[in-house]
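**Student:** Pasting a structure here, questions to come.
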Amino acid sequence: MFSATYSEFVEAVKAVVPKKDIITDPLQTAVYGTDASFYHLTPKVVLNVTDEHQVRFILREANKRELPVTFRAAGTSLSGQAITDSILVRLGGQGWRDYRVFDGAGKIRLQPGIIGSHANLILAEFNKKIGPDPASIDCALIGGILANNASGMCCGIDENSYKTLDSLRLILADGAVVDTGDDKSKAEFRRSHGELLEKLSEIRNKIMANDELSDRIRYKFKIKNTTGYSLNAFVDFEDPFEIMSHIMIGSEGTLGFISDAVYHTVTDHPCKASALMLFNDMHTACSAIPLLRETGEVAAAELIDRAGLASVADKPGMPEGLADLGAGVTALLVETRAETAATLQKQVAKISEALSGLESVEPIAFTDDPVQYGMYWKLRKGLFPAVGAVRETGTTVIIEDVAFATEHLADAAIDLQTLFKKYDYSEALIFGHALEGNLHFVFTQDFADQKEVLRYSKFMDDVVELVVDKYDGSLKAEHGTGRNMAPFVEKEWGEAAYVIMKEVKNLFDPKNLLNPGVIINSASDAHIQNLKALPAAHEIADKCIECGFCEPVCPSKDLTFTPRQRVAGRREIERRLKKGGKVKELAKDYCYPGLDTCAADGLCATRCPVGIDTGKMVKALREEAHGKLAHKIAGKVADKFDLVAKVIPPVLNTVDKVHKVAGTKVMDTVCGGVRKASLDNIPLWNKEMPTGPDKIVPETVNKTNPLKVVYFPSCAARSMSGPAREDKERTDLPEKTKSLLKKAGYEIIYPEELDDLCCGQAFESKGFLELADQKSRQLSDMLLKASDFGKLPVLFDTSPCFYRMKSMADPRLEIYEPIEFVLKFLMERLSFTKQEAKVALHPTCSTRKLGLEGKLKELAEACATEVVMPEHIYCCGFAGDRGFNFPELNKAALEGLEDHVCECDAGYSTSKTCEIGLSLHGKIPYRSILYLVDDASEPVTE
Ligand SMILES: Cc1cc2nc3c(=O)[nH]c(=O)nc-3n(C[C@H](O)[C@H](O)[C@H](O)COP(=O)(O)OP(=O)(O)OC[C@H]3O[C@@H](n4cnc5c(N)ncnc54)[C@H](O)[C@@H]3O)c2cc1C
Ligand code: SF4
Ligand code: SF4
């Protein structure tokens, strides 16, 4: 319930946070109640913040009222540290994304909202990268990477955030700001917070005076460790500012807010070689680890147990023979990296020599072929999803994260396997970063049933005993303590260290308002409280593990819901239903963020570890939502498609004439007003609105010419590909395509009944799935006929139509979208002269799903002197005609596009409707890539 104190708080923060960034409604707060862990807490209020001023204000107002605050970056945490039942402060929208590379790329300043892999993209041109490399790096933000001290396969304990940190800019619980890399800021802080600095020094002195404690701290950080606070800050540094910045690393938002960080960068070697080494048993595999480490040449060594190998054995592209290996076989996937190929070979020889005394299942063989080593790493990365994808609906997948001194690794792994048997986790598997003694084990668990919760609880008690009492290892090596290990911090560290940790917490956050319950938690059962139930919500999405990996590419992420939230929203409705609650309002509230503003492009599936296409779920839900009348109308449209399509060009031409007379400003105002008056039911006009193209008139085909192609202009190309009023290019798409094909010497065959043909995409995205299939079948039949049963290639001028037909067309058909068609059939028949132009490219979602971004670039580079493909712009959000009805989706998806393309002469893509929205928001004309190809090419003269 929203108490008066929270209401007052919300009123107060309205002074600095825009209304749209203050979320309090039941559905939206519930979907923000999830991170990638198996815990769930619904925040009272979610605040999307974009600058320091807001954070300081929020912290002060929360402080006044003693309200807890939790920070959220990408929400991919696995231990329950990014959730709260109080105030959730999110790094929102386009904020927190500034960066600066300096000191000859030796350092990089990063704001906390930058995705980890984007930082690496920025550094790639310098052959550098940031040290930390969690497997979630394509999604996790710098703020979360720092606050969790996240690490991965290569960074070990030498290149994590703690070790590669230069300085931090922090906001403390009282709203004070300090930049530990700025002398002026430090001097001011010393004046205002001298006591805090003194206390830090006192704690250090206390630790250093206690040999047992300081030795214990040193010992604990010889292997990976994220249990509790980074107490090594006190033994590694004397300067209180250094202690403060380093204790923040891994503090999980419980000590302060990180608003900026400077990292020392690390070298990213270009030459790589990997070997999948198979040993007969765990002990032999683990005995290779010290030998590998001694070589000093190993970048990564991933251990995979027998169950892990079995879980991916039947997946496409896996090495042969995995299924037939002996019972104890254990793999080490080893990678070495070097500056040059010659050095790489020397390193490979050195590593092979070091292992020559060990017996392996097959001779050890490294490969520097990216395809082959790519396959090995695919195997490794497939382990976690392999468990997630086969689990029963309603269960969750848990990934644990422990570390042992490497001399104990083999025994510890075997002990863990014994525990899996004892507690009947038959699907459990082990993999991990062997050089650091870090093992992950993955298993599935039902939390809906108290008996099952008890099984988990007992299992974890045994795991704790094994890791702590038997091997003195780390209960959390990389993923952070969170709520999951908070009850066991004292057990792992001992009383003296735990007292220091509590002292640190009290020093920075005396009122316990920053992420309470995380890291320091007195409840012995905190790890089995607030468990997330995962009721069946929709069969397409039931395997969702709520990891959030899909979020960065979703066009609606800054407008309404992300794919994860679309699933979480459905689950919330089901959860309430199960409890006998009323869900009518909630289900109604779900429609706009959950259904209406999903572009249904399926780009989320390209990032999902368990292969979920949330767009597919949305289309199915749209279908369920249609009443009989809607089906009847859609059926009529499908039947009389030619008539409907015929109406569009004259309407567009009439609107264009009005535009000519009235001017853009008047049109914007009037059309905006009409839309408003219709309660957003009338589509919104925009100045990039196309006109109707000329009618396609097939020409007589020269039968003696062997070069023939079937050309299928999409319904969008046939009805709305004429020039927008202000576009200098006046040729419509079918005409342009025809002229290009003719120039290359092709005879063009159009399928019969062209006006009536449609790939079905328009019906599918609206949730008329059966009608969509009907239209696809009709098109396939007509293309089959036109191509003489597959003898002639078929060109689609629109990628999304091609993409749909790829799975729907008769297998005899040889179909192409524009990029591959030009590369395969036209390049050699045309002579190219690069145009003196800077051009922007937009790969459509279909282009991305087909993996053709590189080929689009290759083609554009043959046609223009300068080519840019703006990073971080994924789906344009126009989504067929959705861009007219929900223009805000298109606007949100293309936020920032103009900055990327403002110096370009034109933009190119492969879908007319996408190009309308791109032109509008990029503020340069976007056209089909076929226009660029036509401009840059001439017939080859013999
Ligand atoms: C499939 C999968 C694989 C993973 N693999 C790895 C792995 O290999 N290695 C690894 O270490 N982790 C891994 N993780 C866990 C997680 O992705 C990482 O810890 C990641 O760094 C978290 O970043 P985030 O942006 O999602 O942060 P969030 O989860 O949003 O937040 C993390 C913590 O930081 C705090 N926080 C966020 N922003 C700030 C800020 N600006 N200032 C202060 N505190 C802040 C939050 O309160 C929270 O406690 C994995 C997760 C998943 C789902
Ligand atoms: S849809 Fe896939 S990527 Fe997205 S949260 Fe669910 S499991 Fe993760
Ligand atoms: S289909 Fe597109 S818009 Fe819908 S959830 Fe997936 S990425 Fe987001």
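Starting from 1 in every chain, residues are counted up; chains themselves are A, B, ... following the order of the structure tokens, and ligands are numbered from 1 as listed.
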Report as a ChimeraX atom specification which protein, DNA and RNA residues come within 7 Å of ligand 3, using only C-alpha atoms and all ligand atoms.
**Tutor:** /A:553-556,562-563,566,597-605,613-615
**Student:** Give the residue list for ligand 1 at 7 Å, counting only C-alpha atoms and all ligand atoms, as a VMD selection string, sorted by chain and then by residue number.
**Tutor:** chain A and resid 35 to 36 70 to 78 81 to 82 112 133 to 136 139 to 153 252 to 253 256 to 259 478 to 480 482 515 547 to 548
**Student:** Could you pull the residues within 8 Å of region 774-789 of chain A, counting only C-alpha atoms, minus those fewer than 6 positions along the same chain, as a VMD selection string?
**Tutor:** chain A and resid 638 709 to 710 749 to 753 757 to 760 805 808 to 810 812 to 813
**Student:** Counting only C-alpha atoms and all ligand atoms, what are the residues, protein, DNA or RNA alike, that approach ligand 2 to within 6 Å? I want them as a list in words.
**Tutor:** Cys544, Ile545, Glu546, Cys547, Gly548, Phe549, Cys550, Pro563, Arg564, Arg607, Cys608, Pro609, Val610 and Ile612 of chain A
**Student:** For region 816-826 of chain A, work out the shell of residues within 8 Å, counting only C-alpha atoms and skipping chain neighbours fewer than 6 positions away, then give it as an mmCIF file with N, CA, C and O atoms, in the first residue's frame.
**Tutor:**
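Once everything was written out, this is around_20.cif:
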data_model
loop_
_atom_site.group_PDB
_atom_site.id
_atom_site.type_symbol
_atom_site.label_atom_id
_atom_site.label_comp_id
_atom_site.auth_asym_id
_atom_site.auth_seq_id
_atom_site.Cartn_x
_atom_site.Cartn_y
_atom_site.Cartn_z
ATOM 1 N N LEU A 741 17.064 -3.570 -62.782
ATOM 2 C CA LEU A 741 17.103 -4.929 -63.340
ATOM 3 C C LEU A 741 17.318 -4.875 -64.857
ATOM 4 O O LEU A 741 18.079 -5.664 -65.426
ATOM 5 N N ALA A 744 20.839 -4.196 -65.800
ATOM 6 C CA ALA A 744 21.693 -5.389 -65.683
ATOM 7 C C ALA A 744 21.317 -6.448 -66.730
ATOM 8 O O ALA A 744 21.885 -7.542 -66.727
ATOM 9 N N PRO A 793 14.996 -17.158 -60.328
ATOM 10 C CA PRO A 793 15.088 -16.544 -58.999
ATOM 11 C C PRO A 793 13.954 -15.539 -58.788
ATOM 12 O O PRO A 793 13.454 -14.965 -59.761
ATOM 13 N N VAL A 794 13.579 -15.358 -57.530
ATOM 14 C CA VAL A 794 12.509 -14.400 -57.205
ATOM 15 C C VAL A 794 13.089 -13.296 -56.333
ATOM 16 O O VAL A 794 13.721 -13.583 -55.307
ATOM 17 N N LEU A 795 12.884 -12.060 -56.755
ATOM 18 C CA LEU A 795 13.366 -10.919 -55.962
ATOM 19 C C LEU A 795 12.211 -10.291 -55.185
ATOM 20 O O LEU A 795 11.199 -9.890 -55.770
ATOM 21 N N PHE A 796 12.383 -10.192 -53.869
ATOM 22 C CA PHE A 796 11.475 -9.412 -53.016
ATOM 23 C C PHE A 796 12.153 -8.062 -52.793
ATOM 24 O O PHE A 796 13.328 -8.033 -52.429
ATOM 25 N N ASP A 797 11.433 -6.965 -52.944
ATOM 26 C CA ASP A 797 12.100 -5.665 -52.723
ATOM 27 C C ASP A 797 12.048 -5.241 -51.254
ATOM 28 O O ASP A 797 12.599 -4.219 -50.867
ATOM 29 N N THR A 798 11.399 -6.049 -50.410
ATOM 30 C CA THR A 798 11.195 -5.662 -49.009
ATOM 31 C C THR A 798 11.635 -6.810 -48.103
ATOM 32 O O THR A 798 11.076 -7.917 -48.192
ATOM 33 N N SER A 799 12.620 -6.557 -47.236
ATOM 34 C CA SER A 799 13.189 -7.648 -46.426
ATOM 35 C C SER A 799 12.177 -8.343 -45.517
ATOM 36 O O SER A 799 12.176 -9.577 -45.439
ATOM 37 N N PHE A 802 10.287 -10.897 -47.430
ATOM 38 C CA PHE A 802 11.152 -12.029 -47.753
ATOM 39 C C PHE A 802 11.311 -12.928 -46.524
ATOM 40 O O PHE A 802 11.223 -14.151 -46.611
ATOM 41 N N LEU A 852 22.525 -10.302 -42.228
ATOM 42 C CA LEU A 852 23.018 -9.673 -43.452
ATOM 43 C C LEU A 852 23.540 -8.246 -43.248
ATOM 44 O O LEU A 852 23.764 -7.532 -44.236
ATOM 45 N N LYS A 855 26.748 -7.739 -45.093
ATOM 46 C CA LYS A 855 26.605 -7.717 -46.555
ATOM 47 C C LYS A 855 25.978 -6.394 -47.003
ATOM 48 O O LYS A 855 26.306 -5.877 -48.080
ATOM 49 N N LEU A 856 25.073 -5.863 -46.186
ATOM 50 C CA LEU A 856 24.490 -4.558 -46.529
ATOM 51 C C LEU A 856 25.597 -3.510 -46.571
ATOM 52 O O LEU A 856 25.659 -2.677 -47.478
ATOM 53 N N LEU A 859 27.811 -3.951 -49.637
ATOM 54 C CA LEU A 859 27.155 -3.436 -50.838
ATOM 55 C C LEU A 859 27.201 -1.914 -50.872
ATOM 56 O O LEU A 859 27.561 -1.311 -51.894
ATOM 57 N N THR A 910 15.842 -1.485 -46.465
ATOM 58 C CA THR A 910 15.184 -2.418 -47.395
ATOM 59 C C THR A 910 13.710 -2.630 -47.027
ATOM 60 O O THR A 910 13.160 -3.702 -47.245
ATOM 61 N N ILE A 929 17.925 0.437 -50.587
ATOM 62 C CA ILE A 929 19.331 0.315 -51.028
ATOM 63 C C ILE A 929 19.410 0.203 -52.551
ATOM 64 O O ILE A 929 20.424 0.547 -53.169
ATOM 65 N N LEU A 930 18.311 -0.221 -53.170
ATOM 66 C CA LEU A 930 18.316 -0.371 -54.626
ATOM 67 C C LEU A 930 18.509 0.984 -55.323
ATOM 68 O O LEU A 930 19.056 1.054 -56.420
#
**Student:** Rank A:Pro290, A:Gly95, A:Pro270, A:Pro26 by their smallest atom-to-atom distance to Asp51 (chain A), using only C-alpha atoms, and report the top residue only.
**Tutor:**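 Comparing A:Pro290, A:Gly95, A:Pro270, A:Pro26 against Asp51 (chain A), the winner is A:Gly95.
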**Student:** Got a sec to tell me which of region 365-434 of chain A DSSP assigns to alpha helix (DSSP H), as a PyMOL selection string?
**Tutor:** chain A and resi 370-381+383-390+409-422
**Student:** Can you check which residues of region 213-300 of chain A DSSP gives as strand (DSSP E or B) on the backbone and send them as a list of chain:residue names?
**Tutor:**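 Here is the list: A:Phe257, A:Ile258, A:Ser259, A:Asp260, A:Ala261, A:Val262, A:Tyr263, A:His264, A:Val266, A:Thr267, A:Cys271, A:Lys272, A:Ala273, A:Ser274, A:Ala275, A:Leu276, A:Met277, A:Leu278, A:Phe279, A:Ala300.
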**Student:** Excluding same-chain residues fewer than 6 positions from Val467 (chain A), what lies within 9 Å of it counting only C-alpha atoms, as a VMD selection string?
**Tutor:** chain A and resid 402 to 404 412 473 to 475 492
**Student:** Skipping near chain neighbours, those fewer than 4 positions away, what residues fall within 10 Å of Ala533 (chain A) using only C-alpha atoms, listed as a PyMOL selection string?
**Tutor:** chain A and resi 38-40+394-396+446-449+571-572+575
**Student:** Generate a file of the selected residues that holds C-alpha atoms, formatted as an mmCIF file, in the first residue's frame.
**Tutor:**
data_model
loop_
_atom_site.group_PDB
_atom_site.id
_atom_site.type_symbol
_atom_site.label_atom_id
_atom_site.label_comp_id
_atom_site.auth_asym_id
_atom_site.auth_seq_id
_atom_site.Cartn_x
_atom_site.Cartn_y
_atom_site.Cartn_z
ATOM 1 C CA PHE A 38 14.755 -15.936 -8.393
ATOM 2 C CA TYR A 39 13.540 -13.269 -5.994
ATOM 3 C CA HIS A 40 10.685 -10.816 -6.502
ATOM 4 C CA GLY A 394 6.751 -23.148 -13.361
ATOM 5 C CA THR A 395 10.276 -24.013 -12.285
ATOM 6 C CA THR A 396 13.131 -21.573 -12.262
ATOM 7 C CA ASP A 446 10.266 -25.155 -8.153
ATOM 8 C CA PHE A 447 9.443 -22.488 -5.589
ATOM 9 C CA ALA A 448 5.670 -22.823 -5.742
ATOM 10 C CA ASP A 449 5.691 -25.693 -3.289
ATOM 11 C CA ARG A 571 3.094 -13.692 -15.091
ATOM 12 C CA GLU A 572 1.911 -11.036 -12.650
ATOM 13 C CA ARG A 575 0.026 -14.864 -10.132
#
**Student:** Can you pull out the residues contacting Gln761 (chain A)? Cut-off 10 Å, using only C-alpha atoms, and skip same-chain residues under 4 positions away; I want them as a ChimeraX atom specification.
**Tutor:** /A:765-769,771-773,775-776,800-805,880
**Student:** Print the selection's residues with N, CA and C atoms to a file, as an mmCIF file, in the first residue's frame.
**Tutor:**
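And here's part05.cif as it stands now:
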data_model
loop_
_atom_site.group_PDB
_atom_site.id
_atom_site.type_symbol
_atom_site.label_atom_id
_atom_site.label_comp_id
_atom_site.auth_asym_id
_atom_site.auth_seq_id
_atom_site.Cartn_x
_atom_site.Cartn_y
_atom_site.Cartn_z
ATOM 1 N N SER A 765 1.172 -9.541 -38.069
ATOM 2 C CA SER A 765 1.556 -8.639 -36.977
ATOM 3 C C SER A 765 0.328 -8.143 -36.223
ATOM 4 N N LYS A 766 -0.823 -8.162 -36.869
ATOM 5 C CA LYS A 766 -2.037 -7.727 -36.154
ATOM 6 C C LYS A 766 -2.713 -8.896 -35.430
ATOM 7 N N GLY A 767 -2.138 -10.069 -35.570
ATOM 8 C CA GLY A 767 -2.688 -11.212 -34.845
ATOM 9 C C GLY A 767 -3.759 -11.967 -35.614
ATOM 10 N N PHE A 768 -3.806 -11.807 -36.959
ATOM 11 C CA PHE A 768 -4.723 -12.625 -37.763
ATOM 12 C C PHE A 768 -3.880 -13.714 -38.418
ATOM 13 N N LEU A 769 -3.535 -14.689 -37.599
ATOM 14 C CA LEU A 769 -2.484 -15.618 -37.997
ATOM 15 C C LEU A 769 -2.922 -16.556 -39.122
ATOM 16 N N LEU A 771 -5.262 -15.993 -41.409
ATOM 17 C CA LEU A 771 -5.379 -15.224 -42.656
ATOM 18 C C LEU A 771 -3.995 -14.945 -43.241
ATOM 19 N N ALA A 772 -3.044 -14.678 -42.332
ATOM 20 C CA ALA A 772 -1.676 -14.404 -42.773
ATOM 21 C C ALA A 772 -1.132 -15.610 -43.543
ATOM 22 N N ASP A 773 -1.343 -16.792 -42.982
ATOM 23 C CA ASP A 773 -0.836 -18.007 -43.636
ATOM 24 C C ASP A 773 -1.530 -18.228 -44.978
ATOM 25 N N LYS A 775 -2.630 -15.901 -46.972
ATOM 26 C CA LYS A 775 -2.057 -14.985 -47.969
ATOM 27 C C LYS A 775 -0.665 -15.485 -48.393
ATOM 28 N N SER A 776 0.078 -16.026 -47.449
ATOM 29 C CA SER A 776 1.421 -16.529 -47.793
ATOM 30 C C SER A 776 1.312 -17.678 -48.789
ATOM 31 N N PRO A 800 11.322 -7.610 -44.782
ATOM 32 C CA PRO A 800 10.394 -8.332 -43.891
ATOM 33 C C PRO A 800 9.486 -9.305 -44.640
ATOM 34 N N CYS A 801 9.087 -8.957 -45.866
ATOM 35 C CA CYS A 801 8.230 -9.880 -46.636
ATOM 36 C C CYS A 801 9.031 -11.135 -46.997
ATOM 37 N N PHE A 802 10.287 -10.897 -47.430
ATOM 38 C CA PHE A 802 11.152 -12.029 -47.753
ATOM 39 C C PHE A 802 11.311 -12.928 -46.524
ATOM 40 N N TYR A 803 11.550 -12.281 -45.362
ATOM 41 C CA TYR A 803 11.813 -13.048 -44.146
ATOM 42 C C TYR A 803 10.634 -13.959 -43.818
ATOM 43 N N ARG A 804 9.435 -13.408 -43.958
ATOM 44 C CA ARG A 804 8.257 -14.236 -43.656
ATOM 45 C C ARG A 804 8.153 -15.387 -44.655
ATOM 46 N N MET A 805 8.379 -15.066 -45.932
ATOM 47 C CA MET A 805 8.195 -16.093 -46.959
ATOM 48 C C MET A 805 9.298 -17.150 -46.923
ATOM 49 N N GLY A 880 5.477 -1.963 -39.847
ATOM 50 C CA GLY A 880 4.374 -1.961 -40.818
ATOM 51 C C GLY A 880 3.598 -0.665 -40.703
#
